[in-house]
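The structure appears below as structure tokens.
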There are 2 protein chains.
Amino acid sequence: MILELADIRIQSGREAEFEEAAKRGLDMVLSKAKGFQKYEVRRSIESPERYMLLIHWDTLEDHTVGFRTSPAYAQWRDIVGPYFAQAPFVEHFEFCAGS
Amino acid sequence: MILELADIRIQSGREAEFEEAAKRGLDMVLSKAKGFQKYEVRRSIESPERYMLLIHWDTLEDHTVGFRTSPAYAQWRDIVGPYFAQAPFVEHFEFCAGS
């Protein structure tokens, strides 16, 4: 199971709009993708314009190949892209240890 | 419930040592702290020297005040600090939405 972390900066003052759009895009588009497991949207306390999307996928390729080459990717970006202050920074993380 | 994300860069070649130390420090020290709920250690696929600690706390202050002003904080840093390539970047995130 792979964790995608998308580190997102939102245009100041548009945080509420982004939160609504992100939830809609995740529920309506991303969560239908092959290999999608679950998501969380979280907002930084120290940097209120910063959000982190935590998305769990079955495999890395389910996101980087399956989702990103599908029409759903453009749909998702159309929904949330207007609120970005800059391009998101995305990496994928494998599990090492946990409690 | 607050999610602490600690973005950590490890000295090249010391990743296995860090992983062992982080698990030991989390299991022996951090998980005994008041308000600690659970943790994950995850390693970036794109940047193998990059790790993310995901630590759930009851409240922000359980981490920033309770833990950081306790002797346990120095113990934790003694265990994992030797492997850091630079100071970790830590922020706290509140829940907005999820599936």
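Residue numbering restarts at 1 for every chain of the structure tokens, chains are lettered A, B, ... in their displayed order, and ligands are numbered from 1 as they appear.
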> Quick one: which residues from chain A are at most 7 Å off chain B, using only C-alpha atoms, as a ChimeraX atom specification?
Replying inline: /A:23,38-46,91-99
Suppose we keep C-alpha atoms; can you now write the selection as a PDB file, in the first residue's frame?
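Written output follows (part_29.pdb):
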```pdb
ATOM      1  CA  LYS A  23     -13.794  17.105  -1.145  1.00  0.00           C
ATOM      2  CA  LYS A  38      -8.936   6.171   0.977  1.00  0.00           C
ATOM      3  CA  TYR A  39      -8.034   9.818   1.462  1.00  0.00           C
ATOM      4  CA  GLU A  40      -7.688  12.590   3.994  1.00  0.00           C
ATOM      5  CA  VAL A  41      -7.526  16.334   3.427  1.00  0.00           C
ATOM      6  CA  ARG A  42      -5.622  18.123   6.172  1.00  0.00           C
ATOM      7  CA  ARG A  43      -4.797  21.790   6.749  1.00  0.00           C
ATOM      8  CA  SER A  44      -1.614  23.065   8.352  1.00  0.00           C
ATOM      9  CA  ILE A  45      -2.042  24.844  11.663  1.00  0.00           C
ATOM     10  CA  GLU A  46       1.230  26.780  11.282  1.00  0.00           C
ATOM     11  CA  GLU A  91       5.784  12.194  -3.612  1.00  0.00           C
ATOM     12  CA  HIS A  92       4.870   8.611  -2.726  1.00  0.00           C
ATOM     13  CA  PHE A  93       5.825   6.871   0.489  1.00  0.00           C
ATOM     14  CA  GLU A  94       6.170   3.238   1.370  1.00  0.00           C
ATOM     15  CA  PHE A  95       5.486   1.892   4.843  1.00  0.00           C
ATOM     16  CA  CYS A  96       8.489   1.249   7.112  1.00  0.00           C
ATOM     17  CA  ALA A  97       7.048   0.931  10.621  1.00  0.00           C
ATOM     18  CA  GLY A  98       3.990   1.839  12.631  1.00  0.00           C
ATOM     19  CA  SER A  99       2.045   1.333  15.828  1.00  0.00           C
TER      20      SER A  99
END
```
Go ahead and align chain A to chain B (same sequence, so just pair every C-alpha in order, least squares) and export the moved chain as a CSV table (one decimal) with N, CA and C atoms, in the first residue's frame.
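Just written: result_25.csv:
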```csv
chain,number,residue,atom,x,y,z
A,1,MET,N,-8.2,15.6,16.9
A,1,MET,CA,-7.0,14.8,16.7
A,1,MET,C,-6.1,15.5,15.7
A,2,ILE,N,-4.8,15.6,16.1
A,2,ILE,CA,-3.8,16.4,15.3
A,2,ILE,C,-2.8,15.5,14.7
A,3,LEU,N,-2.5,15.7,13.4
A,3,LEU,CA,-1.5,14.9,12.7
A,3,LEU,C,-0.2,15.8,12.7
A,4,GLU,N,0.9,15.3,13.3
A,4,GLU,CA,2.2,15.9,13.1
A,4,GLU,C,2.9,15.2,11.9
A,5,LEU,N,3.4,16.0,11.0
A,5,LEU,CA,4.2,15.5,9.9
A,5,LEU,C,5.6,16.0,10.1
A,6,ALA,N,6.5,15.1,10.2
A,6,ALA,CA,7.9,15.5,10.4
A,6,ALA,C,8.6,15.0,9.1
A,7,ASP,N,9.1,16.0,8.3
A,7,ASP,CA,9.8,15.8,7.0
A,7,ASP,C,11.3,15.7,7.3
A,8,ILE,N,11.9,14.6,7.1
A,8,ILE,CA,13.2,14.3,7.6
A,8,ILE,C,14.1,13.9,6.4
A,9,ARG,N,15.3,14.4,6.4
A,9,ARG,CA,16.3,14.0,5.4
A,9,ARG,C,17.5,13.3,6.1
A,10,ILE,N,17.8,12.2,5.7
A,10,ILE,CA,18.8,11.3,6.3
A,10,ILE,C,20.1,11.3,5.6
A,11,GLN,N,21.2,11.3,6.3
A,11,GLN,CA,22.5,11.2,5.6
A,11,GLN,C,22.6,10.0,4.7
A,12,SER,N,23.0,10.2,3.5
A,12,SER,CA,23.1,9.1,2.5
A,12,SER,C,23.8,7.9,3.1
A,13,GLY,N,23.2,6.7,2.9
A,13,GLY,CA,23.8,5.5,3.3
A,13,GLY,C,23.5,5.1,4.8
A,14,ARG,N,22.8,6.0,5.5
A,14,ARG,CA,22.5,5.7,6.9
A,14,ARG,C,21.0,5.4,7.1
A,15,GLU,N,20.3,5.1,6.0
A,15,GLU,CA,18.9,4.9,6.0
A,15,GLU,C,18.5,3.7,6.9
A,16,ALA,N,19.2,2.6,6.8
A,16,ALA,CA,18.8,1.4,7.6
A,16,ALA,C,19.0,1.7,9.1
A,17,GLU,N,20.1,2.3,9.4
A,17,GLU,CA,20.3,2.7,10.8
A,17,GLU,C,19.3,3.6,11.3
A,18,PHE,N,18.9,4.6,10.5
A,18,PHE,CA,17.8,5.5,11.0
A,18,PHE,C,16.5,4.8,11.2
A,19,GLU,N,16.2,3.9,10.3
A,19,GLU,CA,14.9,3.2,10.4
A,19,GLU,C,14.8,2.4,11.7
A,20,GLU,N,15.9,1.8,12.0
A,20,GLU,CA,16.0,1.0,13.3
A,20,GLU,C,15.8,1.9,14.5
A,21,ALA,N,16.6,3.0,14.4
A,21,ALA,CA,16.6,4.0,15.5
A,21,ALA,C,15.2,4.7,15.7
A,22,ALA,N,14.6,5.0,14.6
A,22,ALA,CA,13.3,5.7,14.6
A,22,ALA,C,12.3,4.8,15.2
A,23,LYS,N,12.3,3.5,14.8
A,23,LYS,CA,11.3,2.6,15.4
A,23,LYS,C,11.5,2.4,16.9
A,24,ARG,N,12.8,2.3,17.3
A,24,ARG,CA,13.1,2.1,18.7
A,24,ARG,C,12.7,3.4,19.5
A,25,GLY,N,13.0,4.5,19.0
A,25,GLY,CA,12.7,5.8,19.7
A,25,GLY,C,11.2,6.0,19.8
A,26,LEU,N,10.5,5.7,18.7
A,26,LEU,CA,9.0,5.8,18.7
A,26,LEU,C,8.4,4.8,19.7
A,27,ASP,N,8.8,3.6,19.6
A,27,ASP,CA,8.2,2.5,20.5
A,27,ASP,C,8.6,2.7,22.0
A,28,MET,N,9.8,3.2,22.2
A,28,MET,CA,10.3,3.2,23.6
A,28,MET,C,10.1,4.6,24.3
A,29,VAL,N,10.1,5.6,23.5
A,29,VAL,CA,10.0,7.0,24.1
A,29,VAL,C,8.8,7.7,23.7
A,30,LEU,N,8.6,8.0,22.4
A,30,LEU,CA,7.5,8.8,22.0
A,30,LEU,C,6.1,8.2,22.3
A,31,SER,N,6.0,6.9,22.1
A,31,SER,CA,4.7,6.3,22.3
A,31,SER,C,4.2,6.3,23.8
A,32,LYS,N,5.2,6.7,24.7
A,32,LYS,CA,4.8,6.8,26.1
A,32,LYS,C,4.3,8.2,26.5
A,33,ALA,N,4.4,9.1,25.6
A,33,ALA,CA,4.1,10.5,25.9
A,33,ALA,C,2.6,10.7,26.0
A,34,LYS,N,2.2,11.6,26.9
A,34,LYS,CA,0.8,12.0,27.1
A,34,LYS,C,0.2,12.5,25.8
A,35,GLY,N,-0.9,11.9,25.4
A,35,GLY,CA,-1.6,12.4,24.2
A,35,GLY,C,-1.2,11.7,22.9
A,36,PHE,N,-0.1,10.9,23.0
A,36,PHE,CA,0.3,10.2,21.8
A,36,PHE,C,-0.8,9.1,21.4
A,37,GLN,N,-1.1,9.0,20.1
A,37,GLN,CA,-2.1,8.1,19.7
A,37,GLN,C,-1.5,6.9,18.9
A,38,LYS,N,-0.8,7.3,17.8
A,38,LYS,CA,-0.2,6.2,16.9
A,38,LYS,C,0.8,6.9,16.0
A,39,TYR,N,1.6,6.1,15.3
A,39,TYR,CA,2.6,6.6,14.4
A,39,TYR,C,2.7,5.8,13.2
A,40,GLU,N,3.3,6.3,12.1
A,40,GLU,CA,3.8,5.6,11.0
A,40,GLU,C,5.2,6.2,10.6
A,41,VAL,N,6.1,5.4,10.2
A,41,VAL,CA,7.3,5.9,9.5
A,41,VAL,C,7.2,5.5,8.1
A,42,ARG,N,7.4,6.4,7.2
A,42,ARG,CA,7.3,6.1,5.7
A,42,ARG,C,8.5,6.7,5.0
A,43,ARG,N,8.9,6.0,4.0
A,43,ARG,CA,10.1,6.4,3.2
A,43,ARG,C,9.6,6.8,1.8
A,44,SER,N,10.2,7.9,1.3
A,44,SER,CA,9.8,8.4,-0.1
A,44,SER,C,10.4,7.5,-1.1
A,45,ILE,N,9.6,7.2,-2.1
A,45,ILE,CA,10.0,6.3,-3.2
A,45,ILE,C,10.9,7.2,-4.2
A,46,GLU,N,10.5,8.4,-4.4
A,46,GLU,CA,11.2,9.3,-5.3
A,46,GLU,C,12.5,9.8,-4.7
A,47,SER,N,12.6,10.0,-3.4
A,47,SER,CA,13.7,10.6,-2.7
A,47,SER,C,14.1,9.7,-1.6
A,48,PRO,N,14.8,8.6,-1.8
A,48,PRO,CA,15.0,7.6,-0.8
A,48,PRO,C,15.7,8.0,0.5
A,49,GLU,N,16.3,9.2,0.5
A,49,GLU,CA,16.9,9.7,1.8
A,49,GLU,C,15.8,10.5,2.5
A,50,ARG,N,14.6,10.6,2.0
A,50,ARG,CA,13.5,11.4,2.7
A,50,ARG,C,12.6,10.5,3.4
A,51,TYR,N,12.3,10.8,4.6
A,51,TYR,CA,11.3,10.1,5.4
A,51,TYR,C,10.2,11.0,5.9
A,52,MET,N,9.1,10.5,6.1
A,52,MET,CA,8.0,11.3,6.8
A,52,MET,C,7.5,10.5,8.0
A,53,LEU,N,7.6,11.1,9.1
A,53,LEU,CA,6.9,10.6,10.3
A,53,LEU,C,5.6,11.2,10.4
A,54,LEU,N,4.6,10.3,10.6
A,54,LEU,CA,3.2,10.7,10.7
A,54,LEU,C,2.8,10.3,12.2
A,55,ILE,N,2.6,11.3,13.0
A,55,ILE,CA,2.3,11.0,14.4
A,55,ILE,C,1.0,11.7,14.8
A,56,HIS,N,0.1,10.9,15.3
A,56,HIS,CA,-1.2,11.4,15.8
A,56,HIS,C,-1.2,11.7,17.3
A,57,TRP,N,-1.6,12.9,17.6
A,57,TRP,CA,-1.7,13.4,19.0
A,57,TRP,C,-3.2,13.8,19.3
A,58,ASP,N,-3.5,13.7,20.6
A,58,ASP,CA,-4.8,14.1,21.0
A,58,ASP,C,-5.0,15.6,20.7
A,59,THR,N,-4.0,16.4,21.1
A,59,THR,CA,-4.0,17.9,20.9
A,59,THR,C,-2.7,18.4,20.4
A,60,LEU,N,-2.7,19.6,19.9
A,60,LEU,CA,-1.4,20.2,19.4
A,60,LEU,C,-0.5,20.4,20.6
A,61,GLU,N,-1.0,20.8,21.7
A,61,GLU,CA,-0.1,21.1,22.9
A,61,GLU,C,0.5,19.8,23.5
A,62,ASP,N,-0.2,18.7,23.3
A,62,ASP,CA,0.4,17.4,23.8
A,62,ASP,C,1.8,17.3,23.1
A,63,HIS,N,2.0,17.7,21.9
A,63,HIS,CA,3.3,17.6,21.2
A,63,HIS,C,4.1,18.8,21.5
A,64,THR,N,3.6,20.0,21.2
A,64,THR,CA,4.4,21.2,21.2
A,64,THR,C,4.8,21.7,22.6
A,65,VAL,N,4.0,21.4,23.6
A,65,VAL,CA,4.3,21.8,25.0
A,65,VAL,C,4.7,20.5,25.8
A,66,GLY,N,3.7,19.6,25.9
A,66,GLY,CA,3.9,18.4,26.8
A,66,GLY,C,5.2,17.6,26.4
A,67,PHE,N,5.2,17.2,25.2
A,67,PHE,CA,6.4,16.4,24.8
A,67,PHE,C,7.7,17.2,24.7
A,68,ARG,N,7.6,18.3,24.0
A,68,ARG,CA,8.8,19.0,23.7
A,68,ARG,C,9.5,19.7,25.0
A,69,THR,N,8.8,19.8,26.0
A,69,THR,CA,9.4,20.3,27.2
A,69,THR,C,9.7,19.2,28.2
A,70,SER,N,9.5,18.0,27.8
A,70,SER,CA,9.8,16.9,28.7
A,70,SER,C,11.2,16.3,28.5
A,71,PRO,N,11.7,15.6,29.4
A,71,PRO,CA,13.0,14.9,29.2
A,71,PRO,C,13.0,13.9,28.0
A,72,ALA,N,11.8,13.4,27.7
A,72,ALA,CA,11.7,12.4,26.6
A,72,ALA,C,12.1,13.0,25.3
A,73,TYR,N,11.9,14.3,25.1
A,73,TYR,CA,12.3,15.0,23.9
A,73,TYR,C,13.8,14.8,23.6
A,74,ALA,N,14.6,15.1,24.6
A,74,ALA,CA,16.0,15.0,24.5
A,74,ALA,C,16.4,13.5,24.2
A,75,GLN,N,15.7,12.6,24.9
A,75,GLN,CA,16.0,11.2,24.6
A,75,GLN,C,15.7,10.8,23.2
A,76,TRP,N,14.6,11.3,22.6
A,76,TRP,CA,14.2,11.0,21.3
A,76,TRP,C,15.2,11.6,20.3
A,77,ARG,N,15.6,12.8,20.5
A,77,ARG,CA,16.6,13.4,19.6
A,77,ARG,C,18.0,12.8,19.7
A,78,ASP,N,18.3,12.3,20.9
A,78,ASP,CA,19.6,11.6,21.0
A,78,ASP,C,19.6,10.3,20.2
A,79,ILE,N,18.4,9.7,20.1
A,79,ILE,CA,18.3,8.4,19.3
A,79,ILE,C,18.3,8.6,17.8
A,80,VAL,N,17.6,9.6,17.4
A,80,VAL,CA,17.4,9.7,15.9
A,80,VAL,C,18.3,10.9,15.3
A,81,GLY,N,18.6,11.8,16.1
A,81,GLY,CA,19.4,13.0,15.6
A,81,GLY,C,20.6,12.7,14.9
A,82,PRO,N,21.4,11.7,15.3
A,82,PRO,CA,22.7,11.5,14.6
A,82,PRO,C,22.6,11.1,13.1
A,83,TYR,N,21.4,10.8,12.7
A,83,TYR,CA,21.2,10.4,11.3
A,83,TYR,C,20.7,11.5,10.4
A,84,PHE,N,20.2,12.6,11.0
A,84,PHE,CA,19.6,13.7,10.2
A,84,PHE,C,20.7,14.4,9.3
A,85,ALA,N,20.3,14.6,8.1
A,85,ALA,CA,21.2,15.4,7.2
A,85,ALA,C,21.0,16.9,7.4
A,86,GLN,N,19.8,17.3,8.0
A,86,GLN,CA,19.5,18.7,8.2
A,86,GLN,C,18.4,18.6,9.3
A,87,ALA,N,18.0,19.8,9.8
A,87,ALA,CA,17.0,19.9,10.8
A,87,ALA,C,15.6,19.4,10.1
A,88,PRO,N,14.9,18.6,10.8
A,88,PRO,CA,13.6,18.2,10.2
A,88,PRO,C,12.6,19.4,10.1
A,89,PHE,N,11.7,19.3,9.2
A,89,PHE,CA,10.7,20.3,9.0
A,89,PHE,C,9.4,19.7,9.6
A,90,VAL,N,8.8,20.3,10.6
A,90,VAL,CA,7.7,19.8,11.3
A,90,VAL,C,6.5,20.8,11.2
A,91,GLU,N,5.3,20.3,10.8
A,91,GLU,CA,4.1,21.1,11.0
A,91,GLU,C,3.0,20.1,11.5
A,92,HIS,N,1.9,20.7,11.9
A,92,HIS,CA,0.8,20.0,12.4
A,92,HIS,C,-0.5,20.3,11.6
A,93,PHE,N,-1.3,19.3,11.4
A,93,PHE,CA,-2.4,19.4,10.4
A,93,PHE,C,-3.7,18.9,11.1
A,94,GLU,N,-4.7,19.7,10.9
A,94,GLU,CA,-6.0,19.4,11.4
A,94,GLU,C,-6.8,18.7,10.3
A,95,PHE,N,-7.7,17.9,10.6
A,95,PHE,CA,-8.6,17.2,9.7
A,95,PHE,C,-9.6,18.1,9.0
A,96,CYS,N,-9.7,18.0,7.7
A,96,CYS,CA,-10.7,18.7,7.0
A,96,CYS,C,-11.8,17.8,6.4
A,97,ALA,N,-11.3,16.7,5.8
A,97,ALA,CA,-12.3,15.8,5.1
A,97,ALA,C,-11.6,14.4,4.9
A,98,GLY,N,-12.3,13.4,4.7
A,98,GLY,CA,-11.7,12.1,4.5
A,98,GLY,C,-12.8,11.1,4.0
A,99,SER,N,-12.3,9.9,3.6
A,99,SER,CA,-13.2,8.9,3.2
A,99,SER,C,-13.0,7.7,4.1
```
>> With DSSP run on the backbone, what are the helix (DSSP H, G or I) residues within stretch 19-77 of chain A? I'd like them as a PyMOL selection string.
In response: chain A and resi 19-28+30-32+60-67+71-77
>> Can you pull out every residue from chain A that DSSP, working from the backbone, puts in strand (DSSP E), and format the result as a VMD selection string?
In response: chain A and resid 2 to 9 36 to 44 50 to 57 89 to 98
